[in-house]
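**Q** Got a file for you: target24.cif, mmCIF, C-alpha atoms.
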```cif
data_structure
loop_
_atom_site.label_atom_id
_atom_site.label_comp_id
_atom_site.auth_asym_id
_atom_site.auth_seq_id
_atom_site.Cartn_x
_atom_site.Cartn_y
_atom_site.Cartn_z
CA MET A 6 0.00 0.00 0.00
CA TYR A 7 1.40 3.35 -0.99
CA LEU A 8 0.72 6.98 -0.63
CA SER A 9 2.27 8.80 -3.52
CA THR A 10 2.28 12.28 -4.86
CA ARG A 11 2.04 11.15 -8.43
CA ASN A 12 -1.14 13.09 -8.93
CA LEU A 13 0.67 16.21 -7.94
CA ILE A 14 3.41 15.66 -10.44
CA ALA A 15 1.63 13.69 -13.13
CA SER A 16 2.22 16.25 -15.82
CA GLY A 17 4.75 18.86 -16.73
CA PRO A 18 8.47 18.62 -17.21
CA ASN A 19 9.12 17.44 -13.68
CA ALA A 20 6.80 14.45 -13.86
CA ARG A 21 8.17 11.63 -11.87
CA GLU A 22 6.99 9.54 -9.03
CA THR A 23 9.60 7.03 -8.01
CA THR A 24 11.15 9.10 -5.27
CA THR A 25 7.88 10.06 -3.69
CA ARG A 26 6.27 6.66 -3.34
CA LEU A 27 6.22 5.59 0.23
CA PRO A 28 4.71 2.63 1.96
CA CYS A 29 1.67 3.31 4.02
CA THR A 30 1.42 1.77 7.39
CA THR A 31 -1.01 -0.44 9.19
CA PRO A 32 -3.39 1.00 11.77
CA SER A 33 -1.21 -0.12 14.65
CA ASP A 34 1.81 1.49 13.05
CA ARG A 35 -0.19 4.64 12.67
CA THR A 36 -0.78 4.83 16.38
CA ALA A 37 2.92 4.49 17.06
CA ARG A 38 3.65 6.95 14.33
CA LYS A 39 1.47 9.61 15.87
CA SER A 40 3.38 9.57 19.13
CA SER A 41 6.72 9.80 17.39
CA ARG A 42 5.87 12.37 14.77
CA ARG A 43 6.61 15.55 16.54
CA ARG A 44 9.93 14.32 17.88
CA SER A 45 11.24 14.01 14.36
CA GLY A 46 10.14 17.46 13.30
CA CYS A 47 13.42 18.72 11.88
CA ARG A 48 13.96 15.87 9.53
CA TYR A 49 10.57 16.07 8.02
CA VAL A 50 10.87 19.76 7.32
CA PHE A 51 13.81 19.01 5.15
CA ARG A 52 12.02 16.25 3.29
CA MET A 53 8.94 18.32 2.83
CA GLU A 54 10.87 21.13 1.22
CA LYS A 55 12.25 18.60 -1.20
CA VAL A 56 8.85 17.25 -2.15
CA LYS A 57 7.50 20.75 -2.39
CA ALA A 58 10.22 21.71 -4.81
CA VAL A 59 8.98 18.98 -7.11
CA VAL A 60 5.40 20.10 -6.80
CA ASP A 61 6.32 23.71 -7.39
CA GLY A 62 8.04 22.71 -10.61
CA PHE A 63 4.89 23.28 -12.60
CA THR A 64 1.79 25.35 -12.35
CA PRO A 65 -1.09 25.23 -12.21
CA LEU A 66 -2.08 21.98 -10.61
CA THR A 67 -3.78 20.09 -13.36
CA GLY A 68 -4.54 16.55 -14.44
CA GLY A 69 -5.96 14.44 -11.71
CA PHE A 70 -5.83 17.16 -9.16
CA VAL A 71 -8.89 19.13 -10.11
CA PRO A 72 -11.82 18.05 -7.97
CA PRO A 73 -15.27 18.12 -9.46
CA ARG A 74 -17.35 20.96 -8.11
CA PRO A 75 -19.38 19.96 -5.10
CA PRO A 76 -23.16 20.10 -5.45
CA ALA A 77 -24.56 23.54 -4.88
CA THR A 78 -26.68 22.57 -1.92
CA PRO A 79 -24.63 20.84 0.74
CA GLY A 80 -26.29 17.76 2.11
CA GLY A 81 -29.64 18.90 0.85
CA TRP A 82 -29.98 21.05 3.92
CA THR A 83 -28.74 24.58 3.80
CA ALA A 84 -31.28 26.29 5.99
CA PRO A 85 -33.25 24.73 8.79
CA SER A 86 -36.73 23.84 7.71
CA ILE A 87 -39.84 24.65 9.61
CA ALA A 88 -41.32 21.59 11.23
CA PRO A 89 -44.88 21.17 10.04
CA THR A 90 -46.27 20.60 13.50
CA MET A 91 -44.71 23.69 15.03
CA THR A 92 -45.43 26.14 12.26
CA VAL A 93 -45.15 29.80 12.95
CA GLU A 94 -46.95 32.20 10.67
CA SER A 95 -44.98 35.37 11.08
CA THR A 96 -41.22 35.41 10.81
CA ARG A 97 -40.84 38.86 12.28
CA VAL A 98 -38.77 38.43 15.40
CA THR A 99 -39.29 40.38 18.56
CA VAL A 100 -37.73 39.91 21.94
CA ASP A 101 -40.20 38.96 24.62
CA LEU A 102 -38.09 37.03 27.04
CA PRO A 103 -40.22 37.25 30.20
CA ALA A 104 -43.17 35.87 28.24
CA SER A 105 -41.01 33.03 26.97
CA VAL A 106 -39.80 32.20 30.45
CA ASP A 107 -43.39 32.24 31.69
CA ALA A 108 -44.43 29.93 28.88
CA LEU A 109 -41.64 27.52 29.71
CA ASP A 110 -42.46 27.58 33.41
CA GLU A 111 -46.11 27.00 32.59
CA LEU A 112 -45.14 24.04 30.46
CA VAL A 113 -43.11 22.49 33.26
CA GLU A 114 -45.89 23.10 35.79
CA GLN A 115 -48.80 21.96 33.68
CA VAL A 116 -47.45 18.81 32.14
CA GLU A 117 -46.87 16.15 34.74
CA GLY A 118 -43.47 14.56 34.56
CA THR A 119 -41.83 17.53 32.90
CA HIS A 120 -38.95 19.07 34.81
CA GLY A 121 -37.18 21.49 32.56
CA ALA A 122 -37.38 23.42 29.31
CA LEU A 123 -34.75 25.30 27.35
CA LEU A 124 -35.29 27.57 24.37
CA ALA A 125 -32.25 28.16 22.19
CA SER A 126 -31.41 29.72 18.85
CA VAL A 127 -30.50 27.28 16.07
CA ASP A 128 -26.93 28.54 16.34
CA GLY A 129 -26.66 27.48 19.95
CA LEU A 130 -27.31 30.54 22.09
CA GLY A 131 -29.63 30.22 25.08
CA ILE A 132 -32.72 32.41 24.77
CA ALA A 133 -34.85 31.38 27.73
CA ARG A 134 -35.06 28.54 30.20
CA SER A 135 -37.52 27.39 32.79
CA SER A 136 -36.65 28.43 36.35
CA SER A 137 -35.78 24.80 37.06
CA MET A 138 -32.89 24.76 34.58
CA ALA A 139 -29.31 25.63 35.45
CA ASP A 140 -27.65 28.47 33.58
CA GLU A 141 -25.18 26.49 31.51
CA PRO A 142 -24.26 28.00 28.12
CA SER A 143 -23.08 24.69 26.66
CA HIS A 144 -26.58 23.22 27.01
CA ALA A 145 -27.98 25.48 24.31
CA ALA A 146 -24.96 24.72 22.10
CA MET A 147 -25.40 20.96 22.57
CA VAL A 148 -29.08 21.10 21.72
CA ALA A 149 -28.37 23.14 18.58
CA ALA A 150 -25.60 20.79 17.49
CA ALA A 151 -27.81 17.75 18.03
CA VAL A 152 -30.60 19.31 16.00
CA GLY A 153 -28.09 20.19 13.28
CA ILE A 154 -27.05 16.56 13.06
CA ALA A 155 -30.65 15.35 13.38
CA HIS A 156 -31.63 17.35 10.30
CA GLN A 157 -28.92 15.49 8.39
CA LEU A 158 -30.01 12.16 9.84
CA ALA A 159 -33.58 12.90 8.75
CA SER A 160 -32.38 13.51 5.21
CA MET A 161 -30.29 10.33 5.38
CA GLY A 162 -33.52 8.55 6.25
CA GLY A 163 -35.23 10.09 3.24
CA GLY A 164 -37.09 12.80 5.15
CA ARG A 165 -37.26 16.50 4.46
CA ASN A 166 -38.45 17.94 7.73
CA LEU A 167 -37.28 17.14 11.20
CA ARG A 168 -40.29 16.91 13.47
CA GLN A 169 -38.66 16.09 16.76
CA LEU A 170 -35.56 14.64 18.28
CA VAL A 171 -35.94 12.31 21.23
CA VAL A 172 -33.11 11.31 23.52
CA ASP A 173 -34.35 8.34 25.51
CA HIS A 174 -32.08 7.63 28.48
CA ASP A 175 -32.26 5.87 31.83
CA GLY A 176 -33.14 9.14 33.55
CA GLY A 177 -36.07 9.91 31.26
CA LEU A 178 -36.51 11.73 27.97
CA MET A 179 -35.26 14.84 26.28
CA ILE A 180 -37.54 15.89 23.46
CA VAL A 181 -36.37 18.61 21.10
CA TRP A 182 -38.54 20.43 18.58
CA PRO A 183 -37.57 22.96 15.94
CA ILE A 184 -39.66 26.07 16.68
CA GLY A 185 -40.06 28.05 13.53
CA SER A 186 -36.91 28.26 11.48
CA GLN A 187 -34.59 29.89 13.96
CA ARG A 188 -35.16 28.33 17.35
CA VAL A 189 -35.26 24.99 19.07
CA LEU A 190 -36.97 23.90 22.26
CA ALA A 191 -35.68 21.12 24.49
CA VAL A 192 -37.94 19.66 27.15
CA LEU A 193 -36.70 17.37 29.90
CA ALA A 194 -39.27 14.89 31.10
CA ALA A 195 -39.81 11.56 32.78
CA SER A 196 -40.28 8.55 30.52
CA ARG A 197 -43.95 8.33 31.46
CA VAL A 198 -44.74 11.91 30.35
CA ASP A 199 -47.83 12.38 28.21
CA GLN A 200 -46.09 13.37 25.00
CA ARG A 201 -49.33 14.27 23.26
CA GLN A 202 -50.27 16.77 25.95
CA LEU A 203 -46.76 18.18 25.96
CA ARG A 204 -46.78 18.57 22.23
CA ALA A 205 -50.17 20.28 22.22
CA LEU A 206 -49.02 22.79 24.79
CA VAL A 207 -45.82 23.52 22.91
CA GLN A 208 -47.84 23.99 19.74
CA ARG A 209 -50.05 26.49 21.52
CA HIS A 210 -47.02 28.55 22.55
CA ALA A 211 -45.07 28.01 19.33
CA GLY A 212 -45.65 31.51 18.01
CA LEU A 213 -44.47 33.11 21.22
CA LEU A 214 -41.50 30.80 21.58
CA ALA A 215 -40.45 31.42 17.98
CA GLY A 216 -40.26 35.10 18.80
CA ALA A 217 -42.82 35.99 16.18
CA SER A 218 -44.95 38.99 16.91
CA SER A 219 -48.59 38.12 16.90
CA MET B 26 -7.37 -1.02 -0.43
CA ILE B 27 -7.88 2.66 0.18
CA GLU B 28 -5.79 4.29 2.83
CA THR B 29 -7.91 6.81 4.68
CA PHE B 30 -6.66 9.80 6.60
CA LYS B 31 -8.65 11.88 8.99
CA ILE B 32 -8.15 15.63 8.80
CA LEU B 33 -9.52 17.90 11.50
CA VAL B 34 -10.38 21.31 10.04
CA THR B 35 -10.63 23.72 12.90
CA GLY B 36 -10.01 27.33 13.88
CA PRO B 37 -11.92 30.35 15.17
CA PHE B 38 -15.41 31.52 14.21
CA ALA B 39 -15.66 32.89 10.65
CA ALA B 40 -12.13 31.82 9.70
CA GLY B 41 -13.16 29.96 6.51
CA LYS B 42 -13.38 26.31 7.63
CA THR B 43 -16.69 25.55 5.95
CA SER B 44 -15.67 27.42 2.77
CA MET B 45 -12.53 25.33 2.54
CA ILE B 46 -14.36 22.02 2.91
CA GLN B 47 -17.08 23.11 0.49
CA SER B 48 -14.52 24.08 -2.12
CA VAL B 49 -12.42 20.91 -2.04
CA SER B 50 -14.84 18.12 -1.20
CA GLN B 51 -15.63 15.72 -4.01
CA THR B 52 -18.65 14.32 -2.26
CA MET B 53 -21.67 16.24 -1.11
CA VAL B 54 -20.68 18.08 2.04
CA ILE B 55 -22.58 17.08 5.13
CA SER B 56 -23.09 20.46 6.66
CA THR B 57 -24.86 21.80 9.72
CA ASP B 58 -25.03 25.43 8.73
CA VAL B 59 -27.72 27.51 10.40
CA VAL B 60 -28.52 31.19 10.52
CA THR B 61 -26.59 33.17 13.09
CA SER B 62 -28.18 35.31 15.77
CA GLY B 63 -27.11 38.13 18.03
CA GLU B 64 -23.71 39.75 17.58
CA GLU B 65 -22.43 36.94 15.40
CA SER B 66 -25.02 37.77 12.74
CA GLU B 67 -23.13 41.02 12.16
CA ILE B 68 -20.07 39.02 11.15
CA LYS B 69 -21.74 36.45 8.91
CA SER B 70 -25.14 35.05 8.12
CA HIS B 71 -24.61 31.33 8.67
CA THR B 72 -22.53 29.21 10.99
CA THR B 73 -21.71 25.56 11.57
CA VAL B 74 -23.27 24.14 14.73
CA ALA B 75 -22.06 20.56 14.75
CA MET B 76 -19.74 19.59 11.92
CA ASP B 77 -18.93 19.73 8.25
CA PHE B 78 -17.89 16.57 6.54
CA GLY B 79 -16.28 16.30 3.13
CA THR B 80 -13.92 13.94 1.34
CA TYR B 81 -11.05 14.28 -1.04
CA GLN B 82 -9.57 11.42 -3.02
CA LEU B 83 -6.57 11.48 -5.30
CA ASP B 84 -7.35 10.18 -8.77
CA ASN B 85 -5.84 6.79 -9.53
CA ASP B 86 -4.60 6.57 -6.01
CA ASP B 87 -5.56 4.75 -2.88
CA THR B 88 -5.48 7.83 -0.72
CA ARG B 89 -8.56 9.43 0.66
CA LEU B 90 -8.86 12.37 3.01
CA LEU B 91 -11.83 12.64 5.31
CA LEU B 92 -12.30 16.29 6.23
CA PHE B 93 -14.03 16.91 9.54
CA GLY B 94 -14.79 20.59 10.12
CA THR B 95 -15.63 21.85 13.59
CA PRO B 96 -17.71 24.84 14.64
CA GLY B 97 -15.58 27.81 15.64
CA GLN B 98 -17.26 29.27 18.71
CA PRO B 99 -16.00 28.22 22.16
CA ARG B 100 -19.50 27.11 23.16
CA PHE B 101 -19.19 24.26 20.64
CA ARG B 102 -15.87 23.05 22.01
CA PHE B 103 -17.46 19.71 22.88
CA MET B 104 -17.86 19.02 19.14
CA THR B 105 -14.11 19.46 18.61
CA ASN B 106 -13.54 17.01 21.44
CA ILE B 107 -15.83 14.52 19.74
CA LEU B 108 -14.29 14.96 16.30
CA LYS B 109 -10.60 15.07 17.20
CA GLY B 110 -10.13 11.36 17.89
CA ASP B 111 -7.54 9.56 15.76
CA VAL B 112 -6.77 12.59 13.62
CA ASP B 113 -3.79 12.42 11.23
CA VAL B 114 -3.36 16.10 10.44
CA VAL B 115 -4.88 19.24 11.91
CA ALA B 116 -5.75 21.89 9.34
CA PHE B 117 -5.97 25.06 11.37
CA VAL B 118 -7.73 27.87 9.54
CA ILE B 119 -7.24 31.44 10.66
CA ASP B 120 -8.40 34.73 9.18
CA ALA B 121 -5.37 37.00 8.92
CA ALA B 122 -7.59 40.07 8.98
CA ALA B 123 -9.56 39.10 12.11
CA ILE B 124 -6.81 40.16 14.50
CA GLU B 125 -9.09 39.98 17.52
CA THR B 126 -9.38 36.20 17.09
CA HIS B 127 -5.65 35.52 17.03
CA ALA B 128 -4.83 35.35 20.72
CA ALA B 129 -7.52 32.80 21.52
CA ALA B 130 -6.70 30.89 18.35
CA GLY B 131 -3.08 30.57 19.47
CA VAL B 132 -4.13 29.12 22.80
CA GLU B 133 -6.43 26.70 20.99
CA LEU B 134 -3.83 25.63 18.42
CA ARG B 135 -1.13 25.03 21.01
CA ALA B 136 -3.48 23.02 23.22
CA LEU B 137 -4.67 20.96 20.28
CA LEU B 138 -1.17 20.13 19.06
CA ARG B 139 0.03 19.27 22.55
CA ASP B 140 -2.99 17.03 22.96
CA LEU B 141 -3.05 15.31 19.57
CA ARG B 142 0.68 15.20 18.77
CA VAL B 143 0.08 15.29 15.03
CA PRO B 144 1.43 17.70 12.42
CA ALA B 145 -0.58 20.78 11.53
CA VAL B 146 -1.16 22.76 8.39
CA VAL B 147 -1.92 26.38 9.19
CA ALA B 148 -4.13 27.91 6.50
CA VAL B 149 -3.91 31.68 6.79
CA ASN B 150 -7.03 32.94 5.08
CA ARG B 151 -7.37 36.37 3.46
CA CYS B 152 -3.65 36.56 3.11
CA ASP B 153 -1.52 36.67 -0.04
CA ASP B 154 1.89 37.02 1.52
CA ILE B 155 3.51 33.80 2.70
CA THR B 156 5.95 35.73 4.87
CA VAL B 157 3.09 37.38 6.73
CA ALA B 158 1.32 34.01 6.95
CA ARG B 159 4.40 32.30 8.40
CA ARG B 160 4.89 35.03 10.94
CA LEU B 161 1.27 34.74 12.03
CA ALA B 162 1.43 30.95 12.25
CA ARG B 163 4.59 31.22 14.30
CA SER B 164 2.95 33.69 16.65
CA LEU B 165 0.07 31.28 17.12
CA GLY B 166 2.49 28.60 18.24
CA ALA B 167 3.06 26.59 15.08
CA LEU B 168 6.43 24.85 15.12
CA ASP B 169 9.15 25.67 12.61
CA GLY B 170 8.35 22.59 10.59
CA GLU B 171 4.64 23.12 10.44
CA ALA B 172 3.25 23.82 6.97
CA VAL B 173 1.77 27.25 6.38
CA VAL B 174 -0.38 28.29 3.43
CA ALA B 175 -1.38 31.83 2.56
CA CYS B 176 -4.79 31.49 1.00
CA GLN B 177 -8.02 33.16 -0.07
CA LEU B 178 -10.53 30.47 0.79
CA ILE B 179 -13.27 32.27 -1.09
CA ASP B 180 -11.42 30.94 -4.14
CA PRO B 181 -11.73 27.15 -4.59
CA ASP B 182 -8.20 26.91 -6.05
CA SER B 183 -6.91 28.26 -2.81
CA GLY B 184 -8.62 25.44 -0.91
CA ARG B 185 -6.80 22.95 -3.10
CA GLU B 186 -3.48 24.47 -2.10
CA VAL B 187 -4.34 23.67 1.49
CA VAL B 188 -5.11 20.10 0.45
CA VAL B 189 -1.73 19.87 -1.29
CA GLU B 190 -0.04 20.93 1.94
CA ILE B 191 -2.06 18.37 3.88
CA LEU B 192 -0.96 15.62 1.48
CA LEU B 193 2.67 16.74 1.65
CA THR B 194 2.49 16.80 5.41
CA LEU B 195 1.06 13.28 5.50
CA LEU B 196 3.75 12.12 3.15
CA ALA B 197 6.49 13.76 5.15
CA SER B 198 5.27 12.38 8.44
CA MET B 199 5.20 8.88 7.00
CA GLU B 200 8.61 9.34 5.53
CA SER B 201 10.00 10.38 8.86
CA THR B 202 8.35 7.40 10.55
CA GLU B 203 9.84 5.09 8.00
CA THR B 204 13.29 6.50 8.63
CA GLU B 205 12.86 5.92 12.34
CA VAL B 206 11.82 2.34 11.79
CA ALA B 207 14.74 1.68 9.45
#
```
Now that the file is in, can you turn its structure into structure tokens?
**A**
Amino acid sequence: MYLSTRNLIASGPNARETTTRLPCTTPSDRTARKSSRRRSGCRYVFRMEKVKAVVDGFTPLTGGFVPPRPPATPGGWTAPSIAPTMTVESTRVTVDLPASVDALDELVEQVEGTHGALLASVDGLGIARSSSMADEPSHAAMVAAAVGIAHQLASMGGGRNLRQLVVDHDGGLMIVWPIGSQRVLAVLAASRVDQRQLRALVQRHAGLLAGASS
Amino acid sequence: MIETFKILVTGPFAAGKTSMIQSVSQTMVISTDVVTSGEESEIKSHTTVAMDFGTYQLDNDDTRLLLFGTPGQPRFRFMTNILKGDVDVVAFVIDAAAIETHAAAGVELRALLRDLRVPAVVAVNRCDDITVARRLARSLGALDGEAVVACQLIDPDSGREVVVEILLTLLASMESTETEVA
């Protein structure tokens, strides 16, 4: 098995590959290699300059080295889509944080088995949380990252809209909904929670939680 | 059999990580771009919240790079921790013009290299002068031997130059390992 730079030097007057073909290593060798790499820094600078001189011998990089253009829409998901169940009519955003906090507290109080709710922007900033939740900035970031991945998983599964993300663990459930196109809501609940009731209540507050002016 | 290498593409917010992966990947990029909010929306409209994933394979060769891009903001540090396992090369992207990001980026780069013990390629974005790029990379804590590329990642050809440096770095690190073994 070899790694070679022959694609880099496949054309032009300096085309050659014999000196740059090197055996690749097995996975176990790779582990050993990683720990020893930085110790041998000086030597590999020298070698790299040599290889680079070969590469620099012609311009531009042509032949096999031109990658095809990637598709225009990455992964089929460039902007978060609005979940059909939590649709918000207006997209005009206003800040009404106390109302959001009240809505989240109401949710936690009214739905039995619910013990926390966190509203975050899709880019991972906390917007509001129920009084029962700790102020931990990474929580909002984790929820946003998980939703980001979940959108991709939905498209891997052939879907177009993410409806909800459920983390089912030994301590209960975390259910996450996209709220409009720019926010996500995470609710912490016991496994026995009435998800239908929870969902209905979230739907009722969706406009407020999305920050849309009504 | 295809030899696969894992490349961690990281660096501060708005440095050009996603642009680089988008411009060089030969497969559809798995991206988690969302709209930004708050102060960050003044800098750019979209940001990565979990990861970008792209691939690059040399034609007629058994070498494939898997490019894992991280988010840039400190609040997403946990994603870098998830993605950094078994990395072969760190591609550290930095915006030469965003001077206010440099100090924190240096701390991050040094910690990452100490932790991973793999070579790095420092891609200095929005920079045309390799001397300036080298000086910046040095100030961030890159070692003398670390590869530095002055690039304009808005231009896809520039992204390929970073890939060339990554390949050269892989080659060089294997060469040095081979010498040690021999």
**Q** Using all atoms listed in the file, pick whichever of B:Phe78, B:Phe101, B:Phe117, B:Phe38 has the shortest atom-to-atom distance to chain A.
**A** B:Phe101
**Q** Apply the PyMOL selection byres ((chain B and resi 32) around 12) to the file shown and report the selected residues as a VMD selection string.
**A** chain B and resid 29 to 31 33 to 35 42 46 77 to 81 89 to 95 108 to 117 141 143 to 146 187 to 188 190 to 192 194 to 195
**Q** Please measure the separation of atom CA of Thr72 of chain B and atom CA of Asp128 of chain A, giving the value in Å to one decimal.
**A** 7.0 Å
**Q** List, as an NGL selection string, every residue that the PyMOL selection byres ((chain B) within 6 of (chain A)) selects in the file provided.
**A** :B and (51 or 53-55 or 57 or 59 or 61 or 74-75 or 84 or 100-101 or 143 or 170 or 197 or 201)
**Q** Could you check how far atom CA of Pro183 of chain A sits from atom CA of Pro37 of chain B, in Å to one decimal?
**A**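 Separation of atom CA of Pro183 of chain A and atom CA of Pro37 of chain B: 26.7 Å.
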**Q** Using the chain letters and numbers from this file, what does the PyMOL selection byres ((chain A and resi 197) around 12) select? Give the answer as a PyMOL selection string.
**A** chain A and resi 116-119+173+175-178+193-196+198-203
**Q** Could you work out how far atom CA of Leu102 of chain A lies from atom CA of His71 of chain B, giving the answer in Å with one decimal?
**A**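 Atom CA of His71 of chain B sits 23.5 Å away from atom CA of Leu102 of chain A.
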**Q** Output as AutoDock Vina command-line options the centre and edge lengths (Å, one decimal) of the box along x, y and z of the file that holds every listed atom of segment 65-79 of chain B after adding 8 Å on each side.
**A**
```
--center_x -20.7 --center_y 28.7 --center_z 9.3 --size_x 24.9 --size_y 40.7 --size_z 28.3
```
**Q** Taking into account only C-alpha atoms, which residue in the set B:Thr43, B:Ser183, B:Gln82, B:Thr126 is nearest to Leu161 of chain B?
**A**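 Under the stated criterion, the closest residue is B:Thr126.
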